[in-house]
$ cat final_37.txt   # compact mmCIF, C-alpha atoms and all ligand atoms
# COMPACT_ATOMS: atom_id res chain seq x y z
CA MET A 44 -108.08 265.10 145.08
CA VAL A 45 -106.22 265.28 148.37
CA GLY A 46 -103.15 263.36 149.46
CA GLN A 47 -102.30 261.40 146.31
CA VAL A 48 -98.83 260.16 145.48
CA VAL A 49 -97.21 261.92 142.57
CA ASN A 50 -93.74 262.57 141.34
CA SER A 51 -93.70 266.24 140.45
CA HIS A 52 -90.53 266.07 138.38
CA PHE A 53 -92.03 265.89 134.92
CA LYS A 54 -88.87 266.61 133.03
CA LYS A 55 -87.83 265.73 129.53
CA PRO A 56 -85.26 262.95 129.30
CA TYR A 57 -81.62 263.82 129.64
CA GLY A 58 -79.58 264.19 126.49
CA LEU A 59 -80.13 266.77 123.76
CA HIS A 60 -79.31 266.70 120.07
CA SER A 61 -77.07 269.46 118.77
CA PRO A 62 -77.86 270.94 115.34
CA ALA A 63 -75.25 268.52 113.96
CA GLY A 64 -77.20 265.64 115.48
CA VAL A 65 -74.58 264.85 118.13
CA MET A 66 -75.98 263.73 121.49
CA ILE A 67 -75.04 266.28 124.15
CA ASP A 68 -74.80 265.32 127.80
CA VAL A 69 -77.16 267.63 129.72
CA GLU A 70 -75.24 266.95 132.89
CA GLN A 71 -72.14 268.46 131.29
CA LEU A 72 -74.11 271.52 130.24
CA LYS A 73 -75.51 271.92 133.74
CA GLN A 74 -71.97 271.75 135.07
CA GLN A 75 -70.84 274.46 132.64
CA ALA A 76 -73.75 276.68 133.65
CA GLY A 77 -73.04 276.10 137.33
CA ILE A 78 -69.40 277.06 136.86
CA ARG A 79 -70.22 280.13 134.73
CA ALA A 80 -72.53 281.47 137.45
CA CYS A 81 -69.54 281.70 139.78
CA ASP A 82 -68.24 284.62 137.67
CA TYR A 83 -70.72 286.71 139.65
CA VAL A 84 -69.01 285.83 142.92
CA LYS A 85 -66.11 288.09 143.91
CA ASP A 86 -63.61 288.02 146.74
CA GLY A 87 -65.14 289.01 150.09
CA MET A 88 -68.73 288.33 149.09
CA LYS A 89 -71.46 286.76 151.18
CA VAL A 90 -73.12 284.22 148.93
CA GLY A 91 -76.43 282.37 149.08
CA LEU A 92 -76.01 278.75 148.05
CA GLY A 93 -79.07 277.27 146.34
CA THR A 94 -80.31 273.71 146.21
CA GLY A 95 -80.49 271.23 143.34
CA SER A 96 -78.61 269.21 140.78
CA THR A 97 -77.52 272.24 138.71
CA VAL A 98 -76.43 274.63 141.43
CA LYS A 99 -74.44 271.85 143.08
CA TYR A 100 -71.86 272.50 140.35
CA SER A 101 -71.64 276.14 141.47
CA VAL A 102 -71.07 275.03 145.06
CA ILE A 103 -68.31 272.65 143.98
CA GLU A 104 -66.70 275.38 141.83
CA LEU A 105 -66.80 277.89 144.70
CA GLY A 106 -65.08 275.32 146.88
CA ARG A 107 -62.43 274.90 144.19
CA LYS A 108 -61.89 278.66 143.98
CA ILE A 109 -61.46 278.86 147.75
CA ASN A 110 -59.01 275.97 147.89
CA GLU A 111 -57.03 276.59 144.71
CA GLU A 112 -57.28 280.35 144.17
CA GLY A 113 -57.51 281.54 147.77
CA MET A 114 -60.85 283.25 147.19
CA GLN A 115 -62.44 284.38 150.43
CA ILE A 116 -66.21 284.15 150.71
CA VAL A 117 -68.78 282.95 153.18
CA GLY A 118 -71.90 281.02 152.22
CA VAL A 119 -75.44 280.69 153.49
CA PRO A 120 -76.94 277.35 152.40
CA THR A 121 -80.61 276.98 151.47
CA SER A 122 -80.94 273.37 152.63
CA ILE A 123 -79.33 270.76 154.81
CA ALA A 124 -78.14 268.95 151.65
CA THR A 125 -76.41 272.07 150.35
CA ALA A 126 -74.89 272.77 153.76
CA ASP A 127 -73.43 269.25 153.78
CA LEU A 128 -71.98 269.69 150.28
CA ALA A 129 -70.61 273.16 151.05
CA ARG A 130 -68.82 271.90 154.16
CA LYS A 131 -67.42 268.98 152.17
CA VAL A 132 -65.93 271.28 149.52
CA GLY A 133 -64.61 273.76 152.08
CA ILE A 134 -66.95 276.75 151.90
CA PRO A 135 -67.14 278.55 155.29
CA LEU A 136 -70.79 278.82 156.30
CA VAL A 137 -72.53 281.50 158.33
CA GLU A 138 -76.07 282.00 159.62
CA LEU A 139 -78.22 284.44 157.65
CA ASP A 140 -79.17 286.05 160.97
CA ASP A 141 -75.50 286.88 161.58
CA VAL A 142 -74.84 288.57 158.23
CA THR A 143 -78.36 289.85 157.40
CA ASN A 144 -77.67 290.72 153.76
CA LEU A 145 -76.03 288.72 150.99
CA ASP A 146 -74.29 289.99 147.86
CA VAL A 147 -75.68 287.33 145.58
CA VAL A 148 -77.50 284.01 145.63
CA ILE A 149 -76.99 281.34 143.00
CA ASP A 150 -79.85 278.86 142.70
CA GLY A 151 -81.61 276.52 140.30
CA THR A 152 -85.18 276.70 139.05
CA ASP A 153 -87.94 274.39 137.85
CA GLU A 154 -89.34 276.91 135.37
CA PHE A 155 -88.68 280.49 134.30
CA ASP A 156 -90.62 282.74 131.94
CA SER A 157 -89.60 285.68 129.78
CA ASN A 158 -90.16 288.06 132.73
CA PHE A 159 -87.65 286.08 134.81
CA GLN A 160 -90.42 284.86 137.15
CA LEU A 161 -89.74 281.41 138.58
CA ILE A 162 -91.35 278.25 139.87
CA LYS A 163 -89.07 276.67 142.46
CA GLY A 164 -89.37 273.97 145.06
CA GLY A 165 -88.92 270.80 143.03
CA GLY A 166 -86.23 269.93 145.57
CA ALA A 167 -88.53 270.91 148.48
CA ALA A 168 -86.23 273.72 149.62
CA LEU A 169 -88.40 276.64 148.52
CA LEU A 170 -88.91 278.26 151.94
CA ARG A 171 -85.22 278.64 152.78
CA GLU A 172 -84.46 279.46 149.15
CA LYS A 173 -86.96 282.31 149.22
CA ILE A 174 -85.77 283.68 152.55
CA VAL A 175 -82.19 283.68 151.25
CA ALA A 176 -83.19 285.18 147.87
CA GLN A 177 -85.12 287.94 149.62
CA GLN A 178 -82.00 288.95 151.56
CA SER A 179 -79.71 288.90 148.50
CA ALA A 180 -78.71 291.95 146.48
CA ALA A 181 -78.95 289.85 143.31
CA MET A 182 -80.09 286.42 142.17
CA VAL A 183 -78.36 284.34 139.51
CA VAL A 184 -80.26 281.26 138.35
CA VAL A 185 -78.67 278.25 136.68
CA ALA A 186 -80.82 276.09 134.41
CA ASP A 187 -80.94 273.99 131.30
CA ASP A 188 -83.34 274.99 128.56
CA ARG A 189 -86.01 272.45 129.55
CA LYS A 190 -86.87 275.00 132.24
CA GLU A 191 -87.66 277.88 129.86
CA VAL A 192 -91.43 278.32 129.43
CA GLU A 193 -93.86 280.78 127.91
CA THR A 194 -96.31 280.58 130.83
CA LEU A 195 -95.53 279.11 134.25
CA GLY A 196 -97.34 276.05 135.57
CA ALA A 197 -96.59 272.94 133.51
CA PHE A 198 -94.31 272.03 136.41
CA PRO A 199 -96.69 271.46 139.34
CA LEU A 200 -96.43 274.46 141.66
CA PRO A 201 -94.78 273.47 144.97
CA ILE A 202 -96.37 274.98 148.07
CA GLU A 203 -94.96 274.43 151.57
CA ILE A 204 -97.78 273.76 154.04
CA THR A 205 -98.09 272.92 157.72
CA PRO A 206 -98.54 269.25 158.64
CA PHE A 207 -101.41 270.37 160.92
CA SER A 208 -104.70 270.02 159.04
CA HIS A 209 -102.81 269.60 155.77
CA GLY A 210 -105.85 267.92 154.18
CA ILE A 211 -107.95 271.05 154.68
CA THR A 212 -105.13 273.25 153.42
CA ILE A 213 -104.78 271.12 150.28
CA GLU A 214 -108.54 271.31 149.75
CA ARG A 215 -108.48 275.11 150.04
CA ILE A 216 -105.54 275.41 147.61
CA SER A 217 -107.41 273.19 145.19
CA GLN A 218 -110.53 275.38 145.45
CA GLU A 219 -108.49 278.56 145.03
CA LEU A 220 -106.63 277.35 141.94
CA GLY A 221 -109.35 275.10 140.50
CA CYS A 222 -106.94 272.23 139.98
CA GLN A 223 -105.78 268.96 141.46
CA VAL A 224 -103.40 269.37 144.38
CA THR A 225 -101.35 266.47 145.69
CA LEU A 226 -99.30 265.85 148.78
CA ARG A 227 -95.69 265.11 147.85
CA ASN A 228 -94.40 261.69 148.76
CA VAL A 229 -90.98 260.16 148.69
CA SER A 230 -90.59 256.38 148.64
CA GLY A 231 -94.18 255.98 149.84
CA ASP A 232 -93.87 258.36 152.79
CA THR A 233 -95.02 261.94 153.04
CA LEU A 234 -92.05 264.16 152.30
CA THR A 235 -91.04 266.37 155.23
CA THR A 236 -89.06 269.52 154.44
CA ASP A 237 -85.98 270.73 156.32
CA ASN A 238 -88.43 272.91 158.27
CA GLY A 239 -90.66 270.01 159.31
CA ASN A 240 -93.44 270.93 156.88
CA TYR A 241 -95.10 269.19 153.91
CA ILE A 242 -95.15 270.06 150.21
CA ALA A 243 -98.39 270.31 148.23
CA ASP A 244 -97.98 270.26 144.44
CA ALA A 245 -100.64 272.19 142.52
CA HIS A 246 -101.27 270.83 139.03
CA THR A 247 -102.37 274.07 137.45
CA GLY A 248 -101.09 273.37 133.97
CA PRO A 249 -99.22 276.06 132.03
CA ASN A 250 -101.62 278.88 132.78
CA ILE A 251 -100.22 280.92 135.67
CA THR A 252 -100.47 284.17 133.72
CA ASP A 253 -100.42 286.38 136.83
CA PRO A 254 -97.94 284.76 139.23
CA SER A 255 -98.03 287.67 141.63
CA SER A 256 -101.81 287.46 142.20
CA CYS A 257 -101.57 283.68 142.43
CA GLU A 258 -98.91 283.95 145.14
CA LYS A 259 -100.90 286.56 147.10
CA ALA A 260 -104.09 284.48 146.99
CA LEU A 261 -102.33 281.33 148.18
CA LEU A 262 -100.62 283.16 151.03
CA GLN A 263 -104.08 284.07 152.38
CA ILE A 264 -104.65 280.40 153.26
CA ALA A 265 -103.63 279.92 156.87
CA GLY A 266 -101.90 276.57 156.41
CA VAL A 267 -99.75 277.82 153.54
CA VAL A 268 -96.23 278.54 154.76
CA GLN A 269 -94.75 279.66 151.43
CA VAL A 270 -95.38 279.41 147.70
CA GLY A 271 -92.81 278.33 145.12
CA LEU A 272 -93.38 281.39 142.94
CA PHE A 273 -90.33 283.67 142.97
CA ILE A 274 -91.58 287.04 141.74
CA ASN A 275 -89.14 289.77 140.69
CA MET A 276 -86.23 288.05 142.40
CA CYS A 277 -84.19 286.65 139.51
CA ASP A 278 -81.78 288.99 137.71
CA VAL A 279 -79.81 286.62 135.49
CA VAL A 280 -80.39 283.14 134.09
CA ILE A 281 -77.33 281.16 133.00
CA LEU A 282 -78.92 278.86 130.47
CA ALA A 283 -77.40 275.62 129.28
CA SER A 284 -78.61 274.36 125.93
CA GLU A 285 -77.44 272.32 122.98
CA ASN A 286 -76.01 275.56 121.58
CA GLY A 287 -73.84 276.11 124.66
CA ILE A 288 -74.17 278.46 127.62
CA ARG A 289 -76.09 281.72 127.31
CA THR A 290 -76.43 284.48 129.87
CA LEU A 291 -79.91 286.02 129.95
CA THR A 292 -79.89 289.30 131.86
CA LYS A 293 -83.15 290.87 133.00
CA PRO A 294 -83.19 294.30 131.30
CA ASP A 295 -84.28 296.25 134.39
CA GLY A 296 -82.70 293.82 136.86
CA ARG A 297 -80.05 294.45 139.50
CA LEU A 298 -77.27 292.99 137.35
CA SER A 299 -78.10 294.81 134.09
C1 LIG B 1 -85.15 273.14 145.06
C2 LIG B 1 -85.26 273.92 143.81
C3 LIG B 1 -84.28 273.60 142.74
O1 LIG B 1 -83.45 274.70 142.57
C4 LIG B 1 -85.02 273.27 141.49
O2 LIG B 1 -85.84 272.15 141.74
C5 LIG B 1 -84.07 272.97 140.32
O3 LIG B 1 -83.32 271.85 140.61
P1 LIG B 1 -82.46 271.10 139.51
O4 LIG B 1 -81.33 272.01 139.15
O5 LIG B 1 -82.03 269.83 140.19
O6 LIG B 1 -83.36 270.80 138.34
O7 LIG B 1 -86.08 274.78 143.66
O8 LIG B 1 -86.21 273.44 145.94

$ encode --input "final_37.txt" --output "structure tokens"
Amino acid sequence: MVGQVVNSHFKKPYGLHSPAGVMIDVEQLKQQAGIRACDYVKDGMKVGLGTGSTVKYSVIELGRKINEEGMQIVGVPTSIATADLARKVGIPLVELDDVTNLDVVIDGTDEFDSNFQLIKGGGAALLREKIVAQQSAAMVVVADDRKEVETLGAFPLPIEITPFSHGITIERISQELGCQVTLRNVSGDTLTTDNGNYIADAHTGPNITDPSSCEKALLQIAGVVQVGLFINMCDVVILASENGIRTLTKPDGRLS
């Protein structure tokens, strides 16, 4: 069905139980993961700054390191929201066009599988996130363990599409994937991305077994601007769970 209102953030409730049965604050774990990811940022680096409620802690920590430790970096934000936060915490920003290549990007994810393939775009920033990730020498992802999946797709796949003829584009995506595709709304209005586009959420279910083919097929549809599948981009996941923070490094990745 085309153009229905859905909230694509189907996440488990916040709060996890530790083995000892103590309630753990997921927000605290996300903060720890966000801070840990900053270990990958060294003096003089050009850093991609992702979007979302986990990576915001990395942005705040980088600001702290600049202000309190004199670290010198420049950042390229992946959204207007992240740019606003980065300016607030004192990270000097540059245009990607002016620096071309970045040393590392830190970003969040909506899902990741054992091959470090991602679904992103829950925060509607997937296009800029992907452009920035593509220009980065490495990608560090920060997540809590609700995001770890066997097969991608339980989280509806975000796809950035043109407003022009978006109904036809949604119909074509639906035919291609054989699933319901909905136009993302916020407070009753169609969500518009930072790039002036719309987001279609494809409710595939957890069965995207070949994300690369799925991405290629969707990119053939003229109204599709970009797909929220990040293939072979992520090198490290900093994972927050009830057992603490774990660093998962892709064996053949750029940070292994
Ligand atoms: C934005 C994204 C986010 O990184 C993703 O939705 C994860 O966000 P959060 O850390 O808030 O769960 O892809 O487009």

$ residues_near_point --input "final_37.txt" --point "(-103.7, 278.0, 149.6)" --cutoff "9 Å" --atoms "all atoms listed in the file" --output "PDB file with C-alpha atoms, keeping the file's coordinate frame"
ATOM      1  CA  ILE A 202     -96.370 274.980 148.070  1.00  0.00           C
ATOM      2  CA  ILE A 204     -97.780 273.760 154.040  1.00  0.00           C
ATOM      3  CA  THR A 212    -105.130 273.250 153.420  1.00  0.00           C
ATOM      4  CA  ILE A 213    -104.780 271.120 150.280  1.00  0.00           C
ATOM      5  CA  GLU A 214    -108.540 271.310 149.750  1.00  0.00           C
ATOM      6  CA  ARG A 215    -108.480 275.110 150.040  1.00  0.00           C
ATOM      7  CA  ILE A 216    -105.540 275.410 147.610  1.00  0.00           C
ATOM      8  CA  SER A 217    -107.410 273.190 145.190  1.00  0.00           C
ATOM      9  CA  GLN A 218    -110.530 275.380 145.450  1.00  0.00           C
ATOM     10  CA  GLU A 219    -108.490 278.560 145.030  1.00  0.00           C
ATOM     11  CA  LEU A 220    -106.630 277.350 141.940  1.00  0.00           C
ATOM     12  CA  GLU A 258     -98.910 283.950 145.140  1.00  0.00           C
ATOM     13  CA  ALA A 260    -104.090 284.480 146.990  1.00  0.00           C
ATOM     14  CA  LEU A 261    -102.330 281.330 148.180  1.00  0.00           C
ATOM     15  CA  LEU A 262    -100.620 283.160 151.030  1.00  0.00           C
ATOM     16  CA  GLN A 263    -104.080 284.070 152.380  1.00  0.00           C
ATOM     17  CA  ILE A 264    -104.650 280.400 153.260  1.00  0.00           C
ATOM     18  CA  ALA A 265    -103.630 279.920 156.870  1.00  0.00           C
ATOM     19  CA  GLY A 266    -101.900 276.570 156.410  1.00  0.00           C
ATOM     20  CA  VAL A 267     -99.750 277.820 153.540  1.00  0.00           C
ATOM     21  CA  VAL A 270     -95.380 279.410 147.700  1.00  0.00           C
TER      22      VAL A 270
END

$ residues_near_ligand --input "final_37.txt" --ligand "ligand LIG 1 (chain B)" --cutoff "7 Å" --atoms "all atoms listed in the file" --output "PyMOL selection string"
chain A and resi 93-98+150-153+163-169+186

$ closest_residue --input "final_37.txt" --among "A:Asp187, A:Asp86, A:Asp244, A:Asp232" --to "A:Ser284" --atoms "only C-alpha atoms"
A:Asp187

$ closest_residue --input "final_37.txt" --among "A:Lys85, A:Lys99, A:Lys190, A:Lys173" --to "A:Asn275" --atoms "all atoms listed in the file"
A:Lys173

$ residues_near_point --input "final_37.txt" --point "(-65.8, 275.1, 140.9)" --cutoff "8 Å" --atoms "only C-alpha atoms" --output "list in words"
Ile78, Cys81, Tyr100, Ser101, Val102, Ile103, Glu104, Leu105, Gly106, Arg107 and Lys108 of chain A

$ residues_around --input "final_37.txt" --residues "stretch 206-211 of chain A" --least-positions-apart "4" --cutoff "9 Å" --atoms "all atoms listed in the file" --output "ChimeraX atom specification"
/A:45-46,215-216,226,235,239-241,243,266

$ closest_residue --input "final_37.txt" --among "A:Gln178, A:Asp188, A:Ala197, A:Asp140" --to "A:Asn286" --atoms "only C-alpha atoms"
A:Asp188

$ atom_distance --input "final_37.txt" --atom1 "atom CA of A:Pro249" --atom2 "atom CA of A:Val280"
20.2 Å

$ atom_distance --input "final_37.txt" --atom1 "atom CA of A:Leu298" --atom2 "atom CA of A:Ala76"
17.1 Å

$ atom_distance --input "final_37.txt" --atom1 "atom CA of A:Val185" --atom2 "atom CA of A:Lys73"
7.7 Å

$ closest_residue --input "final_37.txt" --among "A:Pro199, A:Gly113, A:Gly91, A:Gly271" --to "A:Ala181" --atoms "all atoms listed in the file"
A:Gly91

$ residues_around --input "final_37.txt" --residues "A:Gly196" --least-positions-apart "6" --cutoff "7 Å" --atoms "all atoms listed in the file" --output "PyMOL selection string"
chain A and resi 247-251

$ write_last_selection --input "final_37.txt" --atoms "C-alpha atoms" --output "PDB file, keeping the file's coordinate frame"
ATOM      1  CA  THR A 247    -102.370 274.070 137.450  1.00  0.00           C
ATOM      2  CA  GLY A 248    -101.090 273.370 133.970  1.00  0.00           C
ATOM      3  CA  PRO A 249     -99.220 276.060 132.030  1.00  0.00           C
ATOM      4  CA  ASN A 250    -101.620 278.880 132.780  1.00  0.00           C
ATOM      5  CA  ILE A 251    -100.220 280.920 135.670  1.00  0.00           C
TER       6      ILE A 251
END

$ closest_residue --input "final_37.txt" --among "A:Ala124, A:Val132, A:Glu138, A:Leu145" --to "A:Met88" --atoms "all atoms listed in the file"
A:Leu145

$ residues_around --input "final_37.txt" --residues "A:Val192" --least-positions-apart "3" --cutoff "7 Å" --atoms "all atoms listed in the file" --output "JSON, numbers by chain"
{"A": [154, 155, 156, 195]}

$ axis_aligned_box --input "final_37.txt" --around "stretch 286-293 of chain A" --padding-each-side "3 Å" --output "AutoDock Vina command-line options"
--center_x -78.5 --center_y 283.2 --center_z 127.3 --size_x 15.3 --size_y 21.3 --size_z 17.4

$ closest_residue --input "final_37.txt" --among "A:Ser179, A:Ser256, A:Thr121, A:Thr292" --to "A:Asn144" --atoms "only C-alpha atoms"
A:Ser179
